[in-house]
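Asks: Okay, here's the structure, questions in a sec.
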Amino acid sequence: MRTDRAVRAASRTGRGLLALWLVLPVVPLLLWAFADRWTHPALLPQEWGVQGLAEAAASGAGGAFLRSTLLGAVVALLATPPGAMAGRALASRQVPGSTAVLAVLLSPLVLPPFAVALGLDVLLLRLRVPAALGVVVLLVVAALPYTTITMRAAYAAHDRGFEDEARLLGATRWQTVRSVQLPLLAPALAGAAFLAFLVGWSDYIVTVLIGGGRLTTLPLLVASAASATGNDAQVAVLSLTAVLPPVALLVVVGMLGRRGRR
Amino acid sequence: MAARRPASRRARRTAVGVGALLLALAGCAAPVSEPTTAEARGWDDVLAEADGQTVRLWMYGGDDKGNAYVDDVLAPAAAEEGVTLERVPIADTGDAVNRVLSERQAGVTDGEVDLIWINGENFATGQQAGAWLCDWTSMLPNMEYVDPEDPLLTTDFGLDVNGCEAPWHKAQFALVYDEARVEDPPGSVDELLTWIEEHPGRFSYPAPPDFTGSVFVRQVLYSVAGGVDNVPLEFSQDAYDELAPELFGTLEDIEPSLWREGQTYPQSLQELDQLYADGQVDFTMTYGPATLPDLVEEGTFPPTTRVLLVEDGTIGNASFLAVPSTSGSRAGAMVVANLALSPEQQLAKARPEVWGQYTVLDPERLPGEVQTQFAELPQSEVLPSYAELSEDADPEVEAGWVTALDEGWRRQIAAG
């Protein structure tokens with residue numbers, strides 16, 4: 001019994017430390033976001049205020065936030081289903097040369113996005129692909145490795161016996177997918193979608209080059225503001241804004257994961 | 001920050017090079033590198049065509065005042081001429097050049113970039129690929145206020161402008177120090193080198209190819225060569241071989257007296273600015289002194305920040321507006337470039353509370369009242385007037401020098 005308690009205490013300490021590790025970097029950001037004046041060697045800001053917020057708003061953070069969210073959501077929506085299908089096929093070991101197929105699917109991870117964007121830019125322009133569509137297509141391709149790997153692992157651990165059982169009991173193919181497969185794989189699907197969302201959410205180079213400046217997303221604003229001296233408050237506000245949706249999604253995914261385990 | 005940015009980030013410049021190479025490989029059609037020239041026509045004709053056009057101006061977006069100037073002053077004025085001006089914020093001007101090169105490669109005639117705030121290497125890269133529209137600036141009515149002989153405006157880092165970009169504003173390299181900490185400010189670059197050795201650990205400069213660090217190295221080059229007249233602005237290996245040993249010898253000599261004994265250098269101007277703001281060094285430097293009053297105002301820099309006026313003069317340059325040949329709103333872009341050159345806009349932009357950028361207009365060509373207004377611009381304690389700062393201004397050397405010196409620095413100072 002005593003070891004049990006010790007283990008629990010250790011686990012609690014571990015989790016506490018992990019939370020601290022994640023939260024600590026955000027503390028200076030929070031301080032900076034509301035600091036109108038913070039100069040060396042003061043330990044805390046000398047003047048508090050919302051100047052950073054005002055500057056961020058003036059630079060168009062509101063619209064950029066919406067565009068980034070939309071872009072991330074669309075990428076997640078489009079990259080998760082093919083990732084799931086590829087993951088299932090690869091996990092079933094029925095694909096000939098599955099290692100080679102996996103390598104091809106993972107190749108976007110190896111190529112620098114800059115080279116990909118520049119290489120495909122001309123092609124997309126020649127084909128008269130609308131800028132926004134081009135951005136989405138490229139980011140979906142960039143997100144596919146993440147969704148595929150996540151779903152391959154999930155399907156490898158997934159027991160197909162449940163599906164066979166449902167079919168034996170008279171469920172249609174669609175019913176099996178909806179009532180058996182999806183609920184069992186929901187946590188993994190959410191995780192894969194989350195990763196795909198992050199790809200769309202955080203991209204800079206594809207959005208600039210392929211998007212041709214039409215899509216001013218948060219990373220564009222953060223990058224341009226951060227490349228100068230004296231913008232710290234504004235950059236802090238923009239970065240905090242950029243952290244919020246992924247954190248919110250992470251919580252949702254975590255909750256789904258917990259439900260899935262029950 | 002002004003002119004520093006459009007040309008900054010050598011790293012990205014390399015990327016532009018790699019990009020250009022990729023483009024050459026990706027495209028089946030051979031790239032056309034002849035510049036596109038604008039057909040000569042009357043200004044009324046241009047105005048009529050511009051009416052209703054949308055111009056997308058790509059510019060470095062880290063300067064809040066610059067952003068506000070374009071959004072709140074330039075754009076409304078453009079709207080009065082029937083042109084919608086939209087600003088596209090980018091972290092690096094190279095991104096805009098890459099976009100234009102791609103569009104050019106794809107044969108796009110209604111591209112996303114209509115105007116770029118640019119100078120230096122980025123301009124040269126585009127010029128090599130024939131990416132700019134040329135021979136159009138002479139059509140702008142407001143060019144009459146610009147001195148056609150002004151070497152800062154007829155060349156851009158040694159490259160002839162050739163009517164491929166319209167002047168926007170001038171910039172001047174400035175050494176910046178804290179009056180409270182430097183009791184005996186040096187009066188020349190040579191004296192600065194002595195000061196550095198007498199005050200170990202209180203000075204550093206950003207490692208080239210950082211744009212500003214690279215300017216500092218050229219400033220030292222002018223000094224050790226005994227003046228800019230002894231440095232041929234056109235690059236030649238002979239001149240380099242003759243001048244480089246003295247330059248790098250001097251930089252090696254001061255190295256032990258630099259911040260952290262020169263074992264490490266700030267990687268960017270931002271890092272040096274931070275060291276200066278934290279009081280770890282007593283000097284910083286900038287190619288865009290316009291932002292200094294603001295940095296003092298908001299408390300990033302100490303209130304005792306001053307610009308060091310050196311008797312040998314500092315290097316000056318100008319930044320420009322270029323129209324890509326892929327733009328579908330050329331007329332609109334020309335109208336905006338002309339507007340930006342108007343005495344009203346240049347005066348507004350020169351006001352410290354608006355942006356504080358130095359004008360490209362020649363005072364002697366301006367109407368008397370505008371001259372007075374320029375003369376009456378409020379002076380900042382931090383920032384000297386352009387006349388004072390640009391006295392004996394040195395020209396920039398050709399881009400070939402820049403590349404060679406940066407490479408020499410990397411081999412001899414960084415590695416040695």
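In the structure tokens, the first chain shown is A, the next is B, and so on; residue numbers restart at 1 for each chain, and ligands run from 1 in the order shown.
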So that I can check the surroundings of stretch 396-400 of chain B, please list as a list of chain:residue names every protein, DNA and RNA residue that reaches within 9 Å of it, counting only C-alpha atoms and ignoring chain neighbours fewer than 4 positions away.
Replies: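 Skipping anything fewer than 4 positions along the chain leaves B:Gly120, B:Glu121, B:Ala124, B:Leu152, B:Asp156, B:Phe157, B:Gly158, B:Leu159, B:Val215, B:Arg218, B:Val231, B:Pro232, B:Leu233, B:Glu234, B:Phe235, B:Ser236, B:Ile315, B:Gly316, B:Asn317, B:Ala404, B:Leu405.
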Asks: Env of stretch 50-55 of chain B: 10 Å cut, atoms = only C-alpha atoms, seq-sep filter 4 positions within chain, self excluded. Answer as a VMD selection string.
Replies: chain B and resid 44 to 46 75 78 to 87 112 to 115 327 to 336
Asks: Among stretch 268-305 of chain B, which residues carry a DSSP assignment of alpha helix (DSSP H), reported as a ChimeraX atom specification?
Replies: /B:269-277,292-297
Asks: Output all heavy atoms for every residue in that selection, as a compact mmCIF listing (two decimals), in the first residue's frame.
Replies:
```
# COMPACT_ATOMS: atom_id res chain seq x y z
N LEU B 269 21.29 42.81 -35.47
CA LEU B 269 21.25 44.12 -34.87
C LEU B 269 20.33 44.11 -33.66
O LEU B 269 20.60 44.76 -32.65
CB LEU B 269 20.76 45.16 -35.87
CG LEU B 269 20.61 46.57 -35.28
CD1 LEU B 269 21.94 47.11 -34.83
CD2 LEU B 269 19.95 47.51 -36.26
N GLN B 270 19.25 43.34 -33.76
CA GLN B 270 18.32 43.24 -32.64
C GLN B 270 19.05 42.82 -31.36
O GLN B 270 18.79 43.33 -30.29
CB GLN B 270 17.29 42.18 -32.95
CG GLN B 270 15.91 42.70 -33.15
CD GLN B 270 15.01 41.55 -33.52
OE1 GLN B 270 15.28 40.83 -34.48
NE2 GLN B 270 14.00 41.34 -32.74
N GLU B 271 19.96 41.85 -31.49
CA GLU B 271 20.70 41.38 -30.31
C GLU B 271 21.59 42.48 -29.76
O GLU B 271 21.71 42.66 -28.55
CB GLU B 271 21.54 40.14 -30.66
CG GLU B 271 20.73 38.88 -30.71
CD GLU B 271 21.59 37.66 -31.04
OE1 GLU B 271 22.75 37.62 -30.60
OE2 GLU B 271 21.08 36.76 -31.74
N LEU B 272 22.25 43.22 -30.66
CA LEU B 272 23.10 44.32 -30.19
C LEU B 272 22.25 45.38 -29.51
O LEU B 272 22.61 45.90 -28.46
CB LEU B 272 23.88 44.93 -31.37
CG LEU B 272 24.78 46.10 -30.99
CD1 LEU B 272 25.89 45.67 -30.05
CD2 LEU B 272 25.37 46.76 -32.22
N ASP B 273 21.10 45.70 -30.12
CA ASP B 273 20.18 46.66 -29.51
C ASP B 273 19.81 46.22 -28.09
O ASP B 273 19.73 47.03 -27.18
CB ASP B 273 18.90 46.79 -30.35
CG ASP B 273 19.08 47.72 -31.54
OD1 ASP B 273 20.09 48.46 -31.56
OD2 ASP B 273 18.23 47.73 -32.44
N GLN B 274 19.58 44.93 -27.93
CA GLN B 274 19.21 44.39 -26.62
C GLN B 274 20.36 44.58 -25.63
O GLN B 274 20.15 44.99 -24.50
CB GLN B 274 18.83 42.91 -26.76
CG GLN B 274 18.02 42.38 -25.59
CD GLN B 274 16.73 43.18 -25.38
OE1 GLN B 274 15.96 43.37 -26.32
NE2 GLN B 274 16.53 43.70 -24.18
N LEU B 275 21.59 44.28 -26.08
CA LEU B 275 22.76 44.45 -25.22
C LEU B 275 22.89 45.91 -24.80
O LEU B 275 23.21 46.23 -23.66
CB LEU B 275 24.04 44.02 -25.95
CG LEU B 275 24.23 42.53 -26.22
CD1 LEU B 275 25.53 42.30 -26.97
CD2 LEU B 275 24.24 41.75 -24.92
N TYR B 276 22.62 46.80 -25.75
CA TYR B 276 22.72 48.23 -25.47
C TYR B 276 21.62 48.64 -24.49
O TYR B 276 21.87 49.35 -23.51
CB TYR B 276 22.62 49.02 -26.77
CG TYR B 276 22.55 50.52 -26.56
CD1 TYR B 276 23.68 51.24 -26.20
CD2 TYR B 276 21.35 51.20 -26.71
CE1 TYR B 276 23.61 52.60 -25.99
CE2 TYR B 276 21.26 52.57 -26.50
CZ TYR B 276 22.40 53.26 -26.14
OH TYR B 276 22.33 54.63 -25.92
N ALA B 277 20.41 48.17 -24.75
CA ALA B 277 19.28 48.52 -23.88
C ALA B 277 19.53 48.02 -22.46
O ALA B 277 19.16 48.67 -21.48
CB ALA B 277 18.00 47.92 -24.44
N LEU B 292 15.02 55.90 -33.69
CA LEU B 292 15.66 56.14 -32.40
C LEU B 292 14.78 56.92 -31.41
O LEU B 292 14.64 56.50 -30.25
CB LEU B 292 17.00 56.86 -32.60
CG LEU B 292 18.14 55.99 -33.18
CD1 LEU B 292 19.36 56.86 -33.44
CD2 LEU B 292 18.49 54.86 -32.23
N PRO B 293 14.20 58.08 -31.83
CA PRO B 293 13.39 58.83 -30.86
C PRO B 293 12.29 57.96 -30.24
O PRO B 293 12.02 58.05 -29.05
CB PRO B 293 12.80 59.97 -31.70
CG PRO B 293 13.74 60.15 -32.83
CD PRO B 293 14.26 58.77 -33.12
N ASP B 294 11.70 57.10 -31.06
CA ASP B 294 10.64 56.21 -30.57
C ASP B 294 11.16 55.22 -29.55
O ASP B 294 10.52 54.96 -28.53
CB ASP B 294 10.06 55.45 -31.76
CG ASP B 294 8.58 55.67 -31.88
OD1 ASP B 294 8.14 56.73 -31.40
OD2 ASP B 294 7.89 54.80 -32.44
N LEU B 295 12.33 54.63 -29.85
CA LEU B 295 12.90 53.63 -28.94
C LEU B 295 13.22 54.28 -27.60
O LEU B 295 13.11 53.65 -26.55
CB LEU B 295 14.16 53.01 -29.56
CG LEU B 295 13.90 52.04 -30.71
CD1 LEU B 295 15.18 51.68 -31.44
CD2 LEU B 295 13.22 50.78 -30.21
N VAL B 296 13.62 55.57 -27.62
CA VAL B 296 13.88 56.29 -26.38
C VAL B 296 12.56 56.59 -25.68
O VAL B 296 12.39 56.36 -24.49
CB VAL B 296 14.66 57.59 -26.67
CG1 VAL B 296 14.72 58.46 -25.43
CG2 VAL B 296 16.06 57.26 -27.17
N GLU B 297 11.62 57.08 -26.48
CA GLU B 297 10.29 57.46 -25.97
C GLU B 297 9.64 56.30 -25.22
O GLU B 297 9.13 56.47 -24.11
CB GLU B 297 9.42 57.88 -27.16
CG GLU B 297 8.01 58.28 -26.82
CD GLU B 297 7.96 59.74 -26.38
OE1 GLU B 297 9.00 60.44 -26.45
OE2 GLU B 297 6.90 60.17 -25.97
```
Asks: Using only C-alpha atoms, determine which residues of chain B fall within 7 Å of chain A; present them as a PyMOL selection string.
Replies: chain B and resi 19+22-23+26+60-63+88-91+95+99+102-103+105-106+112+270+277-278+295+298-300
Asks: Could you give me, as a PyMOL selection string, each residue of stretch 204-344 of chain B that DSSP assigns to strand (DSSP E or B) when run on this structure's backbone?
Replies: chain B and resi 283-286+305-308+315-322+324+327
Asks: Can you measure atom CA of B:Glu242 to atom CA of B:Pro206 for me? One decimal in Å is fine.
Replies: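 Taking atom CA of B:Glu242 and atom CA of B:Pro206, their separation equals 24.8 Å.
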Asks: Suppose you want the space between atom CA of B:Gly368 and atom CA of B:Pro167; what is it in Å?
Replies: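 Separation of atom CA of B:Gly368 and atom CA of B:Pro167: 22.0 Å.
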Asks: List as a ChimeraX atom specification the protein and nucleic acid residues near stretch 129-144 of chain B, meaning an atom at most 10 Å away when only C-alpha atoms are counted, but skip any in the same chain fewer than 5 places from it.
Replies: /B:20,31-43,46,97,100-105,115,123-124,161-167,322-327,330-331,334-335,337-343,361-362,365-366
Asks: Would you mind telling me which residue in B:Tyr287, B:Tyr386, B:Trp168, B:Trp259 lies nearest to B:Asp210 when using only C-alpha atoms?
Replies: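 Residue with the minimum atom-to-atom distance to B:Asp210: B:Tyr287.
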